[in-house]
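A quick write-up on the structure given underneath.
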Amino acid sequence: MSEGSVDIKNLVKTYTDDRGRPTFTAVKNISLPISDGEFMVLVGPSGCGKSTTLRMIAGLEKITSGTISIGDRVVNELEPKDRGIAMVFQNYALYPHMTLFNNMAFGLQLAKKKKEFISETVGRTAKALGLDQMLERKPQALSGGQRQRVALGRAIVRSPKVFLFDEPLSNLDAKMRVQMRSEISKLHAQLGNTMIYVTHDQVEAMTMGDRICVMRDGLIMQVADPLTLYRQPENLFVAGFIGSPPMNLLKGKVQKRDGGLFFVENGESNTITVPLQGRLEALASKYIDKDIVFGIRPEHLSDEVKDPSHIPITSSVEIAEPMGSESLVYLKAGTGNLIARLHGERLYGLGEPVTIQFNMEKVHLFDTTTENVIR
Amino acid sequence: MTAQQKLKLRKAVAHAFLVCFLILILVPFVMVVSASLRQGNFAPSQLWPDKVSLDHWKFVLGIPYSEVVNPATGQTRIVKASTPPLRWFWNSIKISIIASAGIICLSGSAAYAFARLRFKFRSPTLSALLILQMFPMVLSLVAYYVILDFTGQYVKWLGLNTQPGLIMIYLGGISNYIWMIKGYFETIPPSMEESARIDGASQFQTFIRILLPISLPIFSVVFILSFISYMSEYPVASVVLQSSDNWTLAVGANSFLYEQEKLWGRFAALAVLSGVPITLAFLLCQKFVIGGLTSGGVKE
């Protein structure tokens with residue numbers, strides 16, 4: 001195994017109270033191999049165990065059971081400083097009473113490195129991050145973006161094998177976030193180190209990650225590269241989590257009518273009925289008269305007539321959000337709304353009837369009990 | 001009444017209230033100062049004496065002065081304190097500074113443990129501390145006496161009638177300071193210490209190099225509070241310290257108030273003197289009692 005790889009095996013974290021009684025299991029037996037030089041993003045809603053996992057890799061939380069290896073060493077019992085990692089925190093966690101130079105040099109000073117080496121390393125890193133003019137300032141005198149850059153610099157000077165990021169951009173404003181996002185990506189390209197990045201923002205996950213690990217309730221829902229995650233979600237959770245606006249998930253039943261199979265949405269009025277043919281018919285054949293979830297992304301609905309793989313459905317507009325070149329149109333459906341991302345510079349009136357084309361090649365069917373995609 | 005008149009009236013009432021309040025605070029102070037400058041040791045009758053005399057101050061500062069013994073013959077004698085009160089003054093400062101510094105070390109490290117470490121019986125211990133500190137120190141006077149009497153048999157310098165013994169007793173009264181400092185520590189985001197840990201700092205290094213510098217305000221508050229309380233502490237000191245060489249200011253000052261003769265003048269001079277180090281300590285610590293020391297380190 002190469003030295004920057006991280007291997008997580010059967011990892012469990014159970015929190016305990018002061019007396020050692022278990023209170024809450026945050027991570028439930030997950031396994032995740034991360035290869036050397038990979039940018040792995042852990043993403044999920046708050047409380048899904050992603051930060052806990054990261055903190056266990058860092059050595060800030062004790063592992064309840066399972067193993068974490070960095071390189072070919074099991075690091076379960078190693079102190080954070082001996083693991084070859086560096087971490088960037090959400091709230092920067094700079095030392096407010098120290099100058100930028102000392103903030104960045106603190107780790108090297110503790111490691112008893114030579115003075116010349118420290119000032120050379122810190123100087124070079126600060127220059128690369130555009131901080132070299134302010135090394136004598138204290139964190140208080142910096143903007144949010146600059147502070148996070150200092151935190152980044154503090155991680156870089158330790159020349160770790162693995163970088164850990166705990167939601168580093170959530171405290172920045174939208175513009176700064178986009179800028180820092182590309183800076184971190186650039187850094188990854190330059191250094192080529194393994195990076196593990198925790199975020200709750202699926203856009204960050206999709207844009208930065210080589211692979212993305214989607215977590216929920218202490219379990220891994222799916223690990224894949226961004227495109228696979230988008231194209232082939234394995235379950236309802238991933239389908240709903242990745243993509244903005246999220247995938248339309250219509251609850252209904254498979255019914256047999258006139259010799260063909262149809263998806264019929266639940267609900268009193270405006271229910272959507274779609275014929276299931278070819279691939280989908282084969283998938284749905286085991287679910288006749290059973291509950292099923294029909295998933296299609298807003299961008300796979302269009303109002304232009306296309307090839308026969310598209311099926312026209314007519315509904316009326318409930319809300320329309322024009323965004324210039326395209327509009328997000330909320331159409332009435334049986335159990336809520338069907339969101340369509342429609343191209344073209346036009347305005348939609350409320351209640352206006354619209355015929356949209358379903359791209360049936362992009363439809364996913366999900367089992368309601370297992371919540372997994374039907375294959 | 002117009003709005004402007006109403007405002008004026010309100011201002012007048014507020015000023016009147018504040019002036020009354022000031023008088024309430026200042027009159028006793030002025031009376032003590034005037035008593036220290038009065039001739040003789042009578043209880044004060046006027047706010048300001050007709051004739052200012054520095055005799056009491058001379059006595060307190062250990063400067064010999066002559067006193068008329070017999071007005072008829074004009075016979076005088078030289079008066080000088082047998083134990084110079086300045087010695088008590090010095091004892092008090094010494095004891096208060098050492099005890100306060102000790103309290104900062106003890107309560108700071110204990111508060112760190114309570115705020116950051118998780119161990120068995122953490123919260124019961126915390127509550128016990130809170131309950132125990134509700135009993136005044138005076139209640140345990142007898143126990144202190146017995147403890148010091150016992151330790152004195154084995155360790156001479158830590159027994160009864162020794163200043164280290166008194167300091168040791170004082171160091172026991174830290175539970176409310178632990179609570180105070182713990183509350184402050186809990187406002188400091190743990191990620192700062194975690195970051196130091198990843199940088200390779202041990203728990204002790206983290207405490208010394210990260211937590212202590214940003215906790216200066218609370219330590220100065222604790223220092224000034226304990227300094228003031230020990231400068232003026234009487235009951236325990238009066239039981240522990242027996243020889244007049246060892247007395248603190250409070251015990252010494254009280255020695256001027258005999259049943260038969262209350263030497264108010266000397267007492268007042270000593271009382272005013274005791275305010276000097278407290279004021280100095282306060283001015284010195286005030287520099288550190290500033291907010292915003294943690295700002296910039298983290299984004300809340």
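For the structure tokens, the naming scheme is as follows: chains receive sequential letters (A, B, ...) according to their order of presentation, residues are indexed from 1 within each chain, and ligands are indexed from 1 in presentation order.
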
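Neighbouring residues of Leu172 in chain A at 7 Å or closer, counting only C-alpha atoms and skipping chain neighbours under 4 positions away, are Gly144, Gly145, Met176 and Arg177 of chain A.
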
Practice prompt. Counting only C-alpha atoms, collect the residues of chain A whose closest atom lies at most 6 Å from chain B, and write them out as a PyMOL selection string.
Written response: chain A and resi 18-19+80-81+91-96+107+139-140

Just want the 7 Å neighbourhood of Asp166 in chain A, counted on only C-alpha atoms, with same-chain residues fewer than 3 positions away dropped. Output as an mmCIF file with N, CA and C atoms, in the first residue's frame.
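To be explicit, this is the file written out as around04.cif:
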data_model
loop_
_atom_site.group_PDB
_atom_site.id
_atom_site.type_symbol
_atom_site.label_atom_id
_atom_site.label_comp_id
_atom_site.auth_asym_id
_atom_site.auth_seq_id
_atom_site.Cartn_x
_atom_site.Cartn_y
_atom_site.Cartn_z
ATOM 1 N N SER A 51 -18.522 13.956 10.056
ATOM 2 C CA SER A 51 -17.492 14.657 10.824
ATOM 3 C C SER A 51 -16.855 13.722 11.846
ATOM 4 N N VAL A 88 -8.019 20.985 8.637
ATOM 5 C CA VAL A 88 -8.522 22.352 8.533
ATOM 6 C C VAL A 88 -9.946 22.344 9.081
ATOM 7 N N PHE A 89 -10.196 23.220 10.054
ATOM 8 C CA PHE A 89 -11.485 23.201 10.733
ATOM 9 C C PHE A 89 -12.468 24.190 10.116
ATOM 10 N N GLN A 90 -13.728 23.935 10.395
ATOM 11 C CA GLN A 90 -14.777 24.809 9.886
ATOM 12 C C GLN A 90 -14.624 26.228 10.411
ATOM 13 N N TYR A 197 -12.489 15.252 2.627
ATOM 14 C CA TYR A 197 -13.179 16.534 2.729
ATOM 15 C C TYR A 197 -14.613 16.277 3.176
ATOM 16 N N VAL A 198 -14.977 16.874 4.291
ATOM 17 C CA VAL A 198 -16.337 16.687 4.798
ATOM 18 C C VAL A 198 -17.167 17.918 4.472
ATOM 19 N N THR A 199 -18.350 17.717 3.974
ATOM 20 C CA THR A 199 -19.233 18.850 3.683
ATOM 21 C C THR A 199 -20.688 18.379 3.727
#

Worksheet entry | Length of the CA of Cys285 in chain B to CA of Gln163 in chain B vector [Å] |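 Those two atoms sit 24.9 Å apart.
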
Discussion item. Which residue is closest to Ala237 in chain B? Choose from B:Asp149, B:Leu225, B:Ile95, B:Leu126 and count only C-alpha atoms.
Written reply: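 Closest to Ala237 in chain B, using only C-alpha atoms: B:Ile95.
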
Worksheet item: Which residues, written as a ChimeraX atom specification, have at least one atom at most 12 Å from Phe165 in chain A, with only C-alpha atoms counted and residues fewer than 2 positions away on the same chain left out?
Response: /A:39-43,50-51,53-55,57-58,85-92,148,151-152,155,162-163,167-170,181,184,194-199

Worksheet item: Counting only C-alpha atoms, what is within 7 Å of His56 in chain B, bar same-chain residues fewer than 6 positions away, as JSON, numbers by chain?
Response: {"B": [36, 37, 265, 266, 269]}

Discussion item. I need the residues in range 83-192 of chain B that are helix (DSSP H, G or I) according to DSSP; give them as a VMD selection string.
Written reply: chain B and resid 85 to 116 122 to 132 137 to 154 156 to 158 163 to 171 175 to 185 190 to 192

Fill in: Spatial neighbours of Leu171 in chain B, 8 Å, only C-alpha atoms, chain gap at least 4 places, as a PyMOL selection string
chain B and resi 99+102-103+167

Write the residues you've just listed into a file as a PDB file, in the first residue's frame, and include N, CA and C atoms for each of them.
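File written: result-v2.pdb
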ATOM      1  N   ALA B  99      -1.253  33.416  48.008  1.00  0.00           N
ATOM      2  CA  ALA B  99      -2.484  32.627  47.999  1.00  0.00           C
ATOM      3  C   ALA B  99      -3.224  32.804  46.675  1.00  0.00           C
ATOM      4  N   GLY B 102      -1.468  30.939  43.967  1.00  0.00           N
ATOM      5  CA  GLY B 102      -1.739  29.509  44.149  1.00  0.00           C
ATOM      6  C   GLY B 102      -3.137  29.157  43.699  1.00  0.00           C
ATOM      7  N   ILE B 103      -4.079  30.042  44.016  1.00  0.00           N
ATOM      8  CA  ILE B 103      -5.471  29.781  43.642  1.00  0.00           C
ATOM      9  C   ILE B 103      -5.622  29.736  42.129  1.00  0.00           C
ATOM     10  N   ILE B 167      -1.815  30.195  54.366  1.00  0.00           N
ATOM     11  CA  ILE B 167      -1.958  30.148  52.903  1.00  0.00           C
ATOM     12  C   ILE B 167      -2.567  28.819  52.476  1.00  0.00           C
TER      13      ILE B 167
END

Worksheet item: Leaving out range 336-342 of chain A and any residue of its chain fewer than 4 positions from it, which residues lie within 10 Å of it when counting only C-alpha atoms, given as number ranges by chain?
Response: A: 245-251, 267, 270-272, 296-304, 315, 317-322, 325-332, 346, 356-358

Item to complete: Pick out each residue of range 21-261 of chain A that DSSP on the backbone tags as strand (DSSP E); I need them as a ChimeraX atom specification.
Response: /A:22-34,39-43,65-70,73-74,85-88,162-166,194-199,211-216,219-224,248-257,260-261
